[in-house]
Each structure stands twice: as C-alpha cells, then as structure tokens.
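Visitor: Enclosed is the structure file start-v1.txt (compact mmCIF, C-alpha atoms).
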# COMPACT_ATOMS: atom_id res chain seq x y z
CA MET X 20 -22.26 -87.81 5.85
CA ARG X 21 -18.93 -88.32 4.15
CA PHE X 22 -17.05 -91.58 4.68
CA SER X 23 -14.04 -89.74 6.10
CA THR X 24 -16.28 -88.03 8.65
CA LEU X 25 -17.81 -91.37 9.66
CA ILE X 26 -14.32 -92.85 10.13
CA ARG X 27 -13.45 -89.84 12.27
CA HIS X 28 -16.52 -90.40 14.47
CA ILE X 29 -15.70 -94.09 14.88
CA ARG X 30 -12.10 -93.23 15.79
CA GLU X 31 -13.26 -90.63 18.32
CA GLY X 32 -15.77 -93.07 19.78
CA LEU X 33 -13.06 -95.67 20.32
CA LYS X 34 -10.70 -93.09 21.81
CA SER X 35 -13.43 -91.91 24.15
CA ILE X 36 -14.00 -95.44 25.44
CA LEU X 37 -10.27 -95.84 26.18
CA ARG X 38 -9.83 -92.32 27.54
CA ASN X 39 -12.77 -92.70 29.93
CA GLY X 40 -11.85 -96.24 30.88
CA TRP X 41 -13.50 -96.40 34.29
CA MET X 42 -16.76 -94.92 33.10
CA SER X 43 -16.78 -97.26 30.09
CA PHE X 44 -16.07 -100.19 32.39
CA ALA X 45 -18.91 -99.11 34.69
CA SER X 46 -21.31 -98.88 31.73
CA MET X 47 -20.26 -102.29 30.43
CA SER X 48 -20.54 -103.83 33.91
CA SER X 49 -24.01 -102.40 34.40
CA MET X 50 -25.09 -103.70 31.01
CA PHE X 51 -23.48 -107.10 31.64
CA ILE X 52 -25.29 -107.59 34.95
CA SER X 53 -28.64 -106.44 33.58
CA LEU X 54 -28.44 -108.51 30.40
CA PHE X 55 -27.08 -111.55 32.27
CA LEU X 56 -30.09 -111.55 34.61
CA LEU X 57 -32.37 -111.08 31.62
CA GLY X 58 -30.66 -113.96 29.78
CA VAL X 59 -30.98 -116.27 32.79
CA PHE X 60 -34.69 -115.58 33.18
CA LEU X 61 -35.17 -115.91 29.41
CA ILE X 62 -33.66 -119.40 29.50
CA VAL X 63 -35.79 -120.26 32.54
CA ALA X 64 -38.88 -119.06 30.66
CA LEU X 65 -37.94 -121.13 27.58
CA ASN X 66 -37.51 -124.25 29.74
CA ILE X 67 -40.80 -123.64 31.54
CA ASN X 68 -42.54 -123.22 28.20
CA SER X 69 -40.92 -126.43 26.90
CA LEU X 70 -41.95 -128.34 30.04
CA ALA X 71 -45.52 -127.08 29.72
CA ALA X 72 -45.57 -128.07 26.04
CA ASP X 73 -44.32 -131.58 26.95
CA PHE X 74 -47.10 -131.98 29.52
CA GLU X 75 -49.71 -130.79 27.06
CA SER X 76 -48.41 -133.05 24.26
CA GLN X 77 -49.02 -136.10 26.47
CA VAL X 78 -52.71 -135.26 26.85
CA GLN X 79 -54.84 -137.89 25.09
CA ILE X 80 -58.40 -139.11 24.99
CA ARG X 81 -59.11 -142.77 25.75
CA VAL X 82 -62.30 -144.12 24.17
CA TYR X 83 -63.40 -147.48 25.64
CA LEU X 84 -65.61 -149.72 23.49
CA GLN X 85 -68.37 -152.23 24.11
CA THR X 86 -67.15 -155.83 24.11
CA ASP X 87 -69.81 -157.11 21.70
CA ILE X 88 -69.28 -154.82 18.67
CA ASP X 89 -67.75 -156.26 15.50
CA GLN X 90 -64.67 -155.10 13.61
CA GLU X 91 -66.72 -153.31 10.96
CA LYS X 92 -68.32 -151.14 13.64
CA LYS X 93 -64.95 -150.42 15.17
CA ASN X 94 -63.58 -149.29 11.79
CA GLU X 95 -66.62 -147.09 11.18
CA LEU X 96 -66.26 -145.46 14.59
CA GLN X 97 -62.53 -144.93 14.11
CA ASN X 98 -63.15 -143.21 10.78
CA LYS X 99 -65.79 -140.91 12.28
CA ILE X 100 -63.48 -139.83 15.09
CA GLY X 101 -60.56 -139.43 12.68
CA ARG X 102 -62.57 -137.01 10.52
CA MET X 103 -63.06 -134.58 13.40
CA THR X 104 -61.22 -131.28 12.80
CA GLU X 105 -59.61 -131.32 16.26
CA VAL X 106 -58.25 -134.86 15.92
CA SER X 107 -54.76 -135.50 14.55
CA LYS X 108 -54.51 -139.27 15.09
CA VAL X 109 -56.69 -142.19 16.18
CA THR X 110 -54.98 -145.43 17.24
CA PHE X 111 -56.84 -148.68 17.90
CA VAL X 112 -55.64 -150.46 21.05
CA SER X 113 -56.80 -154.04 21.43
CA LYS X 114 -57.50 -155.38 24.89
CA GLU X 115 -54.36 -157.56 24.64
CA GLU X 116 -52.25 -154.49 23.88
CA GLY X 117 -54.01 -152.63 26.67
CA LEU X 118 -53.09 -155.37 29.15
CA GLU X 119 -49.43 -155.21 28.09
CA LEU X 120 -49.41 -151.41 28.42
CA LEU X 121 -50.93 -151.69 31.88
CA ARG X 122 -48.32 -154.27 32.85
CA GLU X 123 -45.54 -151.94 31.67
CA ASN X 124 -46.99 -148.92 33.48
CA LEU X 125 -47.15 -150.86 36.75
CA GLY X 126 -43.42 -151.56 36.45
CA GLN X 127 -41.91 -154.26 38.65
CA ASP X 128 -45.23 -154.99 40.34
CA GLY X 129 -47.01 -155.49 37.02
CA ASP X 130 -46.33 -159.22 36.70
CA ASP X 131 -47.44 -159.93 40.27
CA LEU X 132 -50.59 -157.79 40.15
CA LEU X 133 -51.71 -159.08 36.74
CA ASP X 134 -50.68 -162.68 37.27
CA GLY X 135 -53.35 -165.00 35.93
CA TYR X 136 -54.79 -162.61 33.38
CA ASP X 137 -54.42 -163.90 29.84
CA LYS X 138 -56.26 -163.55 26.52
CA GLU X 139 -59.35 -165.35 27.78
CA SER X 140 -59.56 -163.71 31.22
CA ASN X 141 -58.49 -160.23 30.12
CA PRO X 142 -60.97 -157.77 31.74
CA LEU X 143 -59.93 -154.78 29.65
CA PRO X 144 -62.02 -153.63 26.66
CA ASP X 145 -60.77 -152.58 23.24
CA SER X 146 -60.18 -148.85 22.99
CA PHE X 147 -59.02 -145.93 20.86
CA THR X 148 -56.27 -143.52 21.77
CA VAL X 149 -57.18 -140.12 20.31
CA GLU X 150 -54.62 -137.34 19.85
CA VAL X 151 -55.57 -133.74 19.05
CA PHE X 152 -53.75 -130.96 17.20
CA ASP X 153 -54.23 -128.43 20.01
CA PRO X 154 -54.34 -129.76 23.59
CA GLN X 155 -56.60 -126.87 24.55
CA THR X 156 -59.37 -128.37 22.36
CA ILE X 157 -59.35 -131.76 24.05
CA GLU X 158 -62.51 -131.07 26.06
CA ALA X 159 -64.42 -130.10 22.91
CA ALA X 160 -63.12 -133.19 21.10
CA ALA X 161 -64.24 -135.46 23.95
CA ALA X 162 -67.69 -133.86 23.88
CA GLN X 163 -67.99 -134.52 20.13
CA ILE X 164 -67.03 -138.16 20.62
CA ASN X 165 -69.78 -138.48 23.23
CA GLU X 166 -72.21 -136.94 20.74
CA ILE X 167 -71.18 -139.52 18.13
CA ASN X 168 -71.94 -142.26 20.65
CA LYS X 169 -75.35 -140.79 21.54
CA SER X 170 -76.38 -140.57 17.90
CA ASP X 171 -75.57 -144.27 17.34
CA ASP X 172 -78.32 -146.77 18.19
CA MET X 173 -75.76 -149.38 19.29
CA LYS X 174 -74.03 -147.02 21.73
CA PRO X 175 -70.61 -148.59 20.94
CA ILE X 176 -68.69 -146.46 23.46
CA THR X 177 -68.80 -147.20 27.18
CA LYS X 178 -66.58 -144.38 28.42
CA VAL X 179 -64.61 -141.38 27.15
CA LYS X 180 -61.74 -140.37 29.46
CA TYR X 181 -59.31 -137.48 29.14
CA GLY X 182 -58.61 -136.60 32.77
CA GLN X 183 -61.52 -134.20 33.10
CA GLY X 184 -60.86 -131.71 35.91
CA THR X 185 -57.16 -132.58 36.12
CA ILE X 186 -56.54 -131.46 32.53
CA GLU X 187 -58.29 -128.12 33.04
CA THR X 188 -56.19 -127.52 36.16
CA LEU X 189 -53.04 -128.46 34.25
CA PHE X 190 -53.84 -125.98 31.50
CA LYS X 191 -54.49 -123.22 34.04
CA ILE X 192 -51.15 -123.90 35.73
CA THR X 193 -49.15 -124.03 32.48
CA ASN X 194 -50.79 -120.84 31.18
CA ALA X 195 -50.14 -119.06 34.49
CA VAL X 196 -46.50 -120.18 34.51
CA ARG X 197 -46.03 -118.95 30.93
CA ASN X 198 -47.61 -115.58 31.72
CA ILE X 199 -45.54 -115.13 34.88
CA GLY X 200 -42.36 -115.97 32.97
CA LEU X 201 -43.25 -113.46 30.24
CA VAL X 202 -43.94 -110.72 32.80
CA ILE X 203 -40.61 -111.38 34.56
CA VAL X 204 -38.65 -111.25 31.28
CA ILE X 205 -40.38 -108.00 30.22
CA GLY X 206 -39.84 -106.49 33.68
CA LEU X 207 -36.14 -107.33 33.63
CA GLY X 208 -35.84 -105.92 30.13
CA VAL X 209 -37.36 -102.59 31.22
CA THR X 210 -35.17 -102.54 34.36
CA ALA X 211 -32.09 -103.15 32.24
CA MET X 212 -33.03 -100.26 29.97
CA PHE X 213 -33.28 -97.81 32.90
CA LEU X 214 -30.09 -99.04 34.59
CA ILE X 215 -28.07 -98.77 31.42
CA SER X 216 -29.58 -95.41 30.46
CA ASN X 217 -28.77 -93.93 33.88
CA MET X 218 -25.22 -95.21 33.73
CA ILE X 219 -24.70 -93.63 30.31
CA LYS X 220 -26.19 -90.36 31.61
CA MET X 221 -23.68 -90.39 34.46
CA THR X 222 -20.92 -90.98 31.95
CA ILE X 223 -22.01 -88.00 29.88
CA VAL X 224 -22.42 -85.75 32.96
CA ALA X 225 -18.81 -86.47 33.84
CA ARG X 226 -17.83 -85.19 30.40
CA ARG X 227 -19.78 -81.90 30.41
CA ARG X 228 -16.58 -79.93 30.15
CA GLU X 229 -15.48 -81.87 27.05
CA ILE X 230 -18.84 -81.27 25.35
CA GLY X 231 -18.81 -77.59 26.38
CA ILE X 232 -15.41 -77.07 24.76
CA MET X 233 -16.65 -78.70 21.55
CA LYS X 234 -19.62 -76.29 21.52
CA LEU X 235 -17.33 -73.29 22.06
CA VAL X 236 -15.20 -74.13 19.02
CA GLY X 237 -18.31 -74.29 16.83
CA ALA X 238 -19.16 -78.00 16.73
CA THR X 239 -22.71 -78.73 15.66
CA ASN X 240 -25.10 -80.83 17.75
CA ALA X 241 -24.92 -83.68 15.23
CA PHE X 242 -21.11 -83.56 15.23
CA ILE X 243 -21.11 -83.88 19.03
CA ARG X 244 -23.73 -86.60 19.15
CA TRP X 245 -22.17 -88.98 16.60
CA PRO X 246 -19.13 -90.04 18.69
CA PHE X 247 -21.46 -90.73 21.64
CA PHE X 248 -23.72 -92.69 19.28
CA ILE X 249 -20.75 -94.79 18.11
CA GLU X 250 -19.47 -95.18 21.67
CA GLY X 251 -22.85 -96.40 22.91
CA ALA X 252 -23.12 -98.87 20.02
CA ILE X 253 -19.63 -100.29 20.71
CA ILE X 254 -20.28 -100.59 24.45
CA GLY X 255 -23.64 -102.25 23.72
CA VAL X 256 -22.24 -104.76 21.22
CA VAL X 257 -19.17 -105.71 23.29
CA SER X 258 -21.15 -106.01 26.53
CA SER X 259 -23.95 -108.07 24.96
CA VAL X 260 -21.54 -110.41 23.15
CA ILE X 261 -19.65 -111.07 26.41
CA THR X 262 -22.95 -111.52 28.28
CA THR X 263 -24.32 -113.92 25.65
CA ALA X 264 -21.14 -116.01 25.78
CA ALA X 265 -21.29 -116.13 29.60
CA VAL X 266 -24.99 -117.07 29.67
CA LEU X 267 -24.72 -119.80 27.04
CA PHE X 268 -21.50 -121.23 28.53
CA SER X 269 -23.07 -121.38 32.01
CA TYR X 270 -26.22 -122.95 30.64
CA SER X 271 -24.30 -125.52 28.57
CA GLU X 272 -22.45 -126.55 31.75
CA LEU X 273 -25.77 -126.88 33.59
CA VAL X 274 -27.17 -129.04 30.77
CA ARG X 275 -24.05 -131.21 30.90
CA LEU X 276 -24.31 -131.60 34.69
CA THR X 277 -27.96 -132.65 34.51
CA LYS X 278 -26.95 -135.47 32.20
CA VAL X 279 -24.31 -136.66 34.67
CA ASP X 280 -25.92 -136.03 38.05
CA MET X 281 -28.27 -138.94 38.80
CA GLY X 282 -30.31 -136.71 41.08
CA LEU X 283 -31.38 -134.57 38.13
CA MET X 284 -32.03 -137.29 35.57
CA LEU X 285 -35.74 -136.44 35.52
CA LEU X 286 -34.98 -132.78 34.70
CA LYS X 287 -35.05 -132.41 30.94
CA LEU X 288 -33.55 -129.08 29.89
CA VAL X 289 -33.87 -127.51 26.46
CA PRO X 290 -30.62 -128.22 24.53
CA VAL X 291 -28.32 -125.25 23.94
CA GLU X 292 -28.61 -125.86 20.20
CA GLU X 293 -32.35 -125.18 20.35
CA CYS X 294 -32.34 -122.01 22.47
CA GLY X 295 -28.87 -120.57 21.74
CA LEU X 296 -29.90 -118.64 18.63
CA GLN X 297 -32.95 -117.07 20.27
CA VAL X 298 -30.96 -116.00 23.33
CA SER X 299 -28.07 -114.66 21.23
CA VAL X 300 -30.25 -112.63 18.88
CA LEU X 301 -32.28 -111.14 21.74
CA LEU X 302 -29.35 -110.25 24.02
CA ILE X 303 -27.01 -108.92 21.33
CA GLY X 304 -29.80 -107.04 19.57
CA LEU X 305 -31.15 -105.61 22.82
CA GLY X 306 -27.68 -104.72 24.10
CA THR X 307 -26.81 -102.87 20.89
CA LEU X 308 -30.11 -100.99 20.86
CA LEU X 309 -29.79 -100.09 24.54
CA GLY X 310 -26.28 -98.74 24.03
CA ILE X 311 -27.35 -96.59 21.07
CA TRP X 312 -30.63 -95.54 22.68
CA GLY X 313 -29.03 -94.62 26.00
CA SER X 314 -26.33 -92.49 24.38
CA THR X 315 -28.68 -90.73 21.97
CA ILE X 316 -31.46 -89.96 24.45
CA SER X 317 -29.05 -88.91 27.20
CA VAL X 318 -27.19 -86.45 24.99
CA ARG X 319 -30.34 -84.94 23.48
CA LYS X 320 -32.65 -84.74 26.51
CA TYR X 321 -30.38 -84.70 29.52
CA LEU X 322 -27.60 -82.38 28.38
CA LYS X 323 -29.74 -80.36 25.99
CA VAL X 324 -26.88 -80.18 23.52
Can the structure from this file be put into structure tokens for me?

Guide:
Amino acid sequence: MRFSTLIRHIREGLKSILRNGWMSFASMSSMFISLFLLGVFLIVALNINSLAADFESQVQIRVYLQTDIDQEKKNELQNKIGRMTEVSKVTFVSKEEGLELLRENLGQDGDDLLDGYDKESNPLPDSFTVEVFDPQTIEAAAAQINEINKSDDMKPITKVKYGQGTIETLFKITNAVRNIGLVIVIGLGVTAMFLISNMIKMTIVARRREIGIMKLVGATNAFIRWPFFIEGAIIGVVSSVITTAAVLFSYSELVRLTKVDMGLMLLKLVPVEECGLQVSVLLIGLGTLLGIWGSTISVRKYLKV
C-alpha cells in the first residue's frame, strides 16, 4: 500500500468517526463501560493475589529444641536444616529472645501475664525459625526435619510446628480465591469482546448505504475495509486510554483514602506504581485489539463485503 493511500484511509477513518458522531460515541461508551469493569476486577484480582502472597510469605516452621543439648549440636542441626533444598533461611532463636517475642505478641497484657519470668525461670526452649522458598512446600520441609530428628540418637528436637491443618486450609482458600479472580477477569474480557463487537456491527449496519455506494463505484473490498479498520483502531485506542486513566485515577484515590481513613488502616492495597503498568498495558492493548478485531470481523463476516 502506498503512503498516500494510507494517509487517505486514516483521513477517511477520522472523518467517519466525526460524521457518525452518535454511533462513534455509543461504541466508545460501550467499550469504556466494558473495559472499566474489566479494569476494576483486574485490580481486585491483583490485590487478592498480593494479599494471598503476604499470608503465604508469613508461613514459617518453628523447631523447638531439647534443653540439654550443647551449642555444637545446635550448630550441627542448624546446618543440616539449612542444607535442605526447600529451606531459604534458618534463624536461631534463644529462649530469652523467644520470651521477648512472646511478650511483644501479647501486647499490653504481655508484661502482666509474663511478670516474674526471667532468664532463670524462663520456661521456653531454644528454637529455630525456618523459612522456605515456596510456601507450598512447607509440609514436606517439616516432614524432612522430623526425619532428621528421628535419625539422630539424641533426638534434639521436641516439636516441629508449622500450623498443620490451618496452613493447608489457608492454601486451599488462597488458591480458590486466585482461581475465582482469574475466571472473573477472563469472563469480563470475553463479555467485553462481544459487547464491543455487537456495537461495531450495529454501527456498520447503519452505514450499509454508504458501503453500497462505494461498491457501486468500483471500490475493492480492501479499499472499503481499511477506513473501518482505522476507525476501529482509533476508537479502541481513545476509549482504552480514557478508561485506563479513569481506572487508575479512581484506584489512586482509593489508595489515598485507605491511608487516611482509620477504619481501613489494616487494608493494605497494592500501590498504583506497582500495578499501574500492568493495568495500562492490558487495557490499552486489549482496547486497541478489540476495536480493530470488531471492525474487521464485522465488515468481513456480517456485511459480506
């Protein structure tokens, strides 16, 4: 295609948008609503995924030790656990540190409940805090630690805790939430495609006479399709850019309000800086593709040009 012909198609596409203002506005409105809903659910899905990841990242294994083992044995055991493929970090927690952590976790009641416990009367044992690379492998890692203890004649470990039962339930819930979010986003995406496609078809139906005249004067199918192709691309880009700006502005205001409103202080939303690029690329890319796809398919299959 010659450059002058391409310029002509772009000019005709722009004229067509202005000439058929109400239909263009209807197409843009339909695309805006569809993409806005998709953007909202996409941000919800990203926040749910982030919340699930935060929960999973806090999953740890606590390994409680016998009170009569020496430091050399503790170091040997720590090295064995640290060499496990699932384990990312092993931290030794002395019983004094454990008492302080317990006091902090109890909050204001900590001092009263633990009053009288000092270095000599501390009932807590030394322990290891074990972190894993993948939270889903925590059960397997705990089982391996138990095997290490069984193979040692001294049996240096008294208990291995990782929230058995609760952790499995947590993983099931987070996986279900992620899957539900993904299904909703995909469903909205498909719905948006059909809504936008039908709106573009209605636009083209209203212009049958214009297309018929072009055919009568000898215009080729490709010559007729190109302005619609350009028109769909412009409508898609403009609508998706406006939608992206509206979604990100609304979300940034919500993030700002959660930082101010004391009632939502516990709600930690993903910062706009972290999700803005993903949302922008998806909405603008999808909007452009939908505009082009809707115009092209509608002209070829619906009008049989």

Visitor: Figure out the distance between CA of Ala64 (chain X) and CA of Leu189 (chain X), please, to one decimal in Å.

Guide: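 Atom-to-atom, CA of Leu189 (chain X) and CA of Ala64 (chain X) are spaced 17.4 Å apart.
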
Visitor: Could you check which of X:Val274, X:Ile303, X:Leu309, X:Val236 is closest to Ser49 (chain X), using all atoms listed in the file?

Guide: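 Ranked by minimum distance to Ser49 (chain X), first place goes to X:Leu309.
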
Visitor: Pick from X:Gly206, X:Gly58, X:Pro175, X:Gly182: nearest to Ala265 (chain X), with only C-alpha atoms counted?

Guide: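 Using only C-alpha atoms, the shortest distance to Ala265 (chain X) belongs to X:Gly58.
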
Visitor: Can you measure CA of Ala160 (chain X) to CA of Thr104 (chain X) for me? One decimal in Å is fine.

Guide: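 Interatomic distance here is 8.7 Å.
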
Visitor: Quick one, how far is CA of Thr86 (chain X) from CA of Glu166 (chain X)?

Guide: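 Value for the CA of Thr86 (chain X)-CA of Glu166 (chain X) distance: 19.8 Å.
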
Visitor: Could you give me, as an NGL selection string, the residues that sit within 12 Å of (-37.5, -125.6, 29.8) in the file's coordinates, counting only C-alpha atoms?

Guide: :X and (59-74 or 196-197 or 200 or 270 or 274 or 286-291 or 293-294)

Visitor: Find, counting all atoms listed in the file, the residue in X:Phe147, X:Phe111, X:Phe248, X:Phe55 that gets nearest to Leu267 (chain X).

Guide: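 Closest to Leu267 (chain X), using all atoms listed in the file: X:Phe55.
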
Visitor: So, counting all atoms listed in the file, which residue among X:Thr307, X:Ala159, X:Asp89, X:Asn168 is closest to Tyr181 (chain X)?

Guide: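 Comparing X:Thr307, X:Ala159, X:Asp89, X:Asn168 against Tyr181 (chain X), the winner is X:Ala159.
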
Visitor: Generate the coordinates of N, CA, C and O atoms for region 163-185 of chain X; report them as a PDB file, in the frame of the given file.

Guide:
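The result, stored in result_29.pdb:
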ATOM      1  N   GLN X 163     -67.525-134.081  21.459  1.00  0.00           N
ATOM      2  CA  GLN X 163     -67.990-134.520  20.130  1.00  0.00           C
ATOM      3  C   GLN X 163     -68.031-136.038  20.035  1.00  0.00           C
ATOM      4  O   GLN X 163     -68.944-136.602  19.420  1.00  0.00           O
ATOM      5  N   ILE X 164     -67.041-136.692  20.639  1.00  0.00           N
ATOM      6  CA  ILE X 164     -67.030-138.160  20.620  1.00  0.00           C
ATOM      7  C   ILE X 164     -68.245-138.702  21.372  1.00  0.00           C
ATOM      8  O   ILE X 164     -68.881-139.680  20.956  1.00  0.00           O
ATOM      9  N   ASN X 165     -68.576-138.072  22.478  1.00  0.00           N
ATOM     10  CA  ASN X 165     -69.780-138.480  23.230  1.00  0.00           C
ATOM     11  C   ASN X 165     -71.037-138.275  22.400  1.00  0.00           C
ATOM     12  O   ASN X 165     -71.982-139.084  22.457  1.00  0.00           O
ATOM     13  N   GLU X 166     -71.071-137.194  21.617  1.00  0.00           N
ATOM     14  CA  GLU X 166     -72.210-136.940  20.740  1.00  0.00           C
ATOM     15  C   GLU X 166     -72.324-138.004  19.661  1.00  0.00           C
ATOM     16  O   GLU X 166     -73.426-138.436  19.292  1.00  0.00           O
ATOM     17  N   ILE X 167     -71.182-138.443  19.125  1.00  0.00           N
ATOM     18  CA  ILE X 167     -71.180-139.520  18.130  1.00  0.00           C
ATOM     19  C   ILE X 167     -71.787-140.782  18.730  1.00  0.00           C
ATOM     20  O   ILE X 167     -72.580-141.494  18.103  1.00  0.00           O
ATOM     21  N   ASN X 168     -71.421-141.068  19.978  1.00  0.00           N
ATOM     22  CA  ASN X 168     -71.940-142.260  20.650  1.00  0.00           C
ATOM     23  C   ASN X 168     -73.451-142.151  20.883  1.00  0.00           C
ATOM     24  O   ASN X 168     -74.201-143.124  20.682  1.00  0.00           O
ATOM     25  N   LYS X 169     -73.919-140.972  21.273  1.00  0.00           N
ATOM     26  CA  LYS X 169     -75.350-140.790  21.540  1.00  0.00           C
ATOM     27  C   LYS X 169     -76.188-140.935  20.272  1.00  0.00           C
ATOM     28  O   LYS X 169     -77.335-141.402  20.324  1.00  0.00           O
ATOM     29  N   SER X 170     -75.616-140.517  19.152  1.00  0.00           N
ATOM     30  CA  SER X 170     -76.380-140.570  17.900  1.00  0.00           C
ATOM     31  C   SER X 170     -76.396-141.972  17.285  1.00  0.00           C
ATOM     32  O   SER X 170     -77.100-142.215  16.308  1.00  0.00           O
ATOM     33  N   ASP X 171     -75.628-142.901  17.860  1.00  0.00           N
ATOM     34  CA  ASP X 171     -75.570-144.270  17.340  1.00  0.00           C
ATOM     35  C   ASP X 171     -76.507-145.152  18.170  1.00  0.00           C
ATOM     36  O   ASP X 171     -76.442-145.164  19.406  1.00  0.00           O
ATOM     37  N   ASP X 172     -77.359-145.910  17.487  1.00  0.00           N
ATOM     38  CA  ASP X 172     -78.320-146.770  18.190  1.00  0.00           C
ATOM     39  C   ASP X 172     -77.636-147.837  19.022  1.00  0.00           C
ATOM     40  O   ASP X 172     -78.162-148.255  20.069  1.00  0.00           O
ATOM     41  N   MET X 173     -76.462-148.300  18.578  1.00  0.00           N
ATOM     42  CA  MET X 173     -75.760-149.380  19.290  1.00  0.00           C
ATOM     43  C   MET X 173     -75.019-148.887  20.529  1.00  0.00           C
ATOM     44  O   MET X 173     -74.630-149.700  21.371  1.00  0.00           O
ATOM     45  N   LYS X 174     -74.806-147.578  20.619  1.00  0.00           N
ATOM     46  CA  LYS X 174     -74.030-147.020  21.730  1.00  0.00           C
ATOM     47  C   LYS X 174     -72.725-147.808  21.921  1.00  0.00           C
ATOM     48  O   LYS X 174     -72.497-148.441  22.957  1.00  0.00           O
ATOM     49  N   PRO X 175     -71.812-147.746  20.909  1.00  0.00           N
ATOM     50  CA  PRO X 175     -70.610-148.590  20.940  1.00  0.00           C
ATOM     51  C   PRO X 175     -69.572-148.167  21.979  1.00  0.00           C
ATOM     52  O   PRO X 175     -68.658-148.939  22.299  1.00  0.00           O
ATOM     53  N   ILE X 176     -69.697-146.970  22.511  1.00  0.00           N
ATOM     54  CA  ILE X 176     -68.690-146.460  23.460  1.00  0.00           C
ATOM     55  C   ILE X 176     -69.227-146.559  24.876  1.00  0.00           C
ATOM     56  O   ILE X 176     -70.347-146.152  25.175  1.00  0.00           O
ATOM     57  N   THR X 177     -68.406-147.099  25.778  1.00  0.00           N
ATOM     58  CA  THR X 177     -68.800-147.200  27.180  1.00  0.00           C
ATOM     59  C   THR X 177     -68.306-146.013  28.009  1.00  0.00           C
ATOM     60  O   THR X 177     -68.946-145.588  28.958  1.00  0.00           O
ATOM     61  N   LYS X 178     -67.138-145.470  27.630  1.00  0.00           N
ATOM     62  CA  LYS X 178     -66.580-144.380  28.420  1.00  0.00           C
ATOM     63  C   LYS X 178     -65.587-143.583  27.574  1.00  0.00           C
ATOM     64  O   LYS X 178     -64.854-144.147  26.756  1.00  0.00           O
ATOM     65  N   VAL X 179     -65.589-142.275  27.783  1.00  0.00           N
ATOM     66  CA  VAL X 179     -64.610-141.380  27.150  1.00  0.00           C
ATOM     67  C   VAL X 179     -63.844-140.682  28.276  1.00  0.00           C
ATOM     68  O   VAL X 179     -64.432-139.933  29.072  1.00  0.00           O
ATOM     69  N   LYS X 180     -62.538-140.926  28.366  1.00  0.00           N
ATOM     70  CA  LYS X 180     -61.740-140.370  29.460  1.00  0.00           C
ATOM     71  C   LYS X 180     -60.625-139.491  28.897  1.00  0.00           C
ATOM     72  O   LYS X 180     -59.954-139.873  27.933  1.00  0.00           O
ATOM     73  N   TYR X 181     -60.440-138.328  29.507  1.00  0.00           N
ATOM     74  CA  TYR X 181     -59.310-137.480  29.140  1.00  0.00           C
ATOM     75  C   TYR X 181     -58.760-136.743  30.359  1.00  0.00           C
ATOM     76  O   TYR X 181     -58.021-135.755  30.234  1.00  0.00           O
ATOM     77  N   GLY X 182     -59.088-137.246  31.545  1.00  0.00           N
ATOM     78  CA  GLY X 182     -58.610-136.600  32.770  1.00  0.00           C
ATOM     79  C   GLY X 182     -59.377-135.333  33.074  1.00  0.00           C
ATOM     80  O   GLY X 182     -58.785-134.314  33.445  1.00  0.00           O
ATOM     81  N   GLN X 183     -60.680-135.379  32.879  1.00  0.00           N
ATOM     82  CA  GLN X 183     -61.520-134.200  33.100  1.00  0.00           C
ATOM     83  C   GLN X 183     -61.300-133.655  34.508  1.00  0.00           C
ATOM     84  O   GLN X 183     -61.262-134.392  35.476  1.00  0.00           O
ATOM     85  N   GLY X 184     -61.161-132.349  34.624  1.00  0.00           N
ATOM     86  CA  GLY X 184     -60.860-131.710  35.910  1.00  0.00           C
ATOM     87  C   GLY X 184     -59.367-131.540  36.079  1.00  0.00           C
ATOM     88  O   GLY X 184     -58.873-130.432  36.257  1.00  0.00           O
ATOM     89  N   THR X 185     -58.625-132.640  36.002  1.00  0.00           N
ATOM     90  CA  THR X 185     -57.160-132.580  36.120  1.00  0.00           C
ATOM     91  C   THR X 185     -56.554-131.831  34.947  1.00  0.00           C
ATOM     92  O   THR X 185     -55.642-131.013  35.106  1.00  0.00           O
TER      93      THR X 185
END
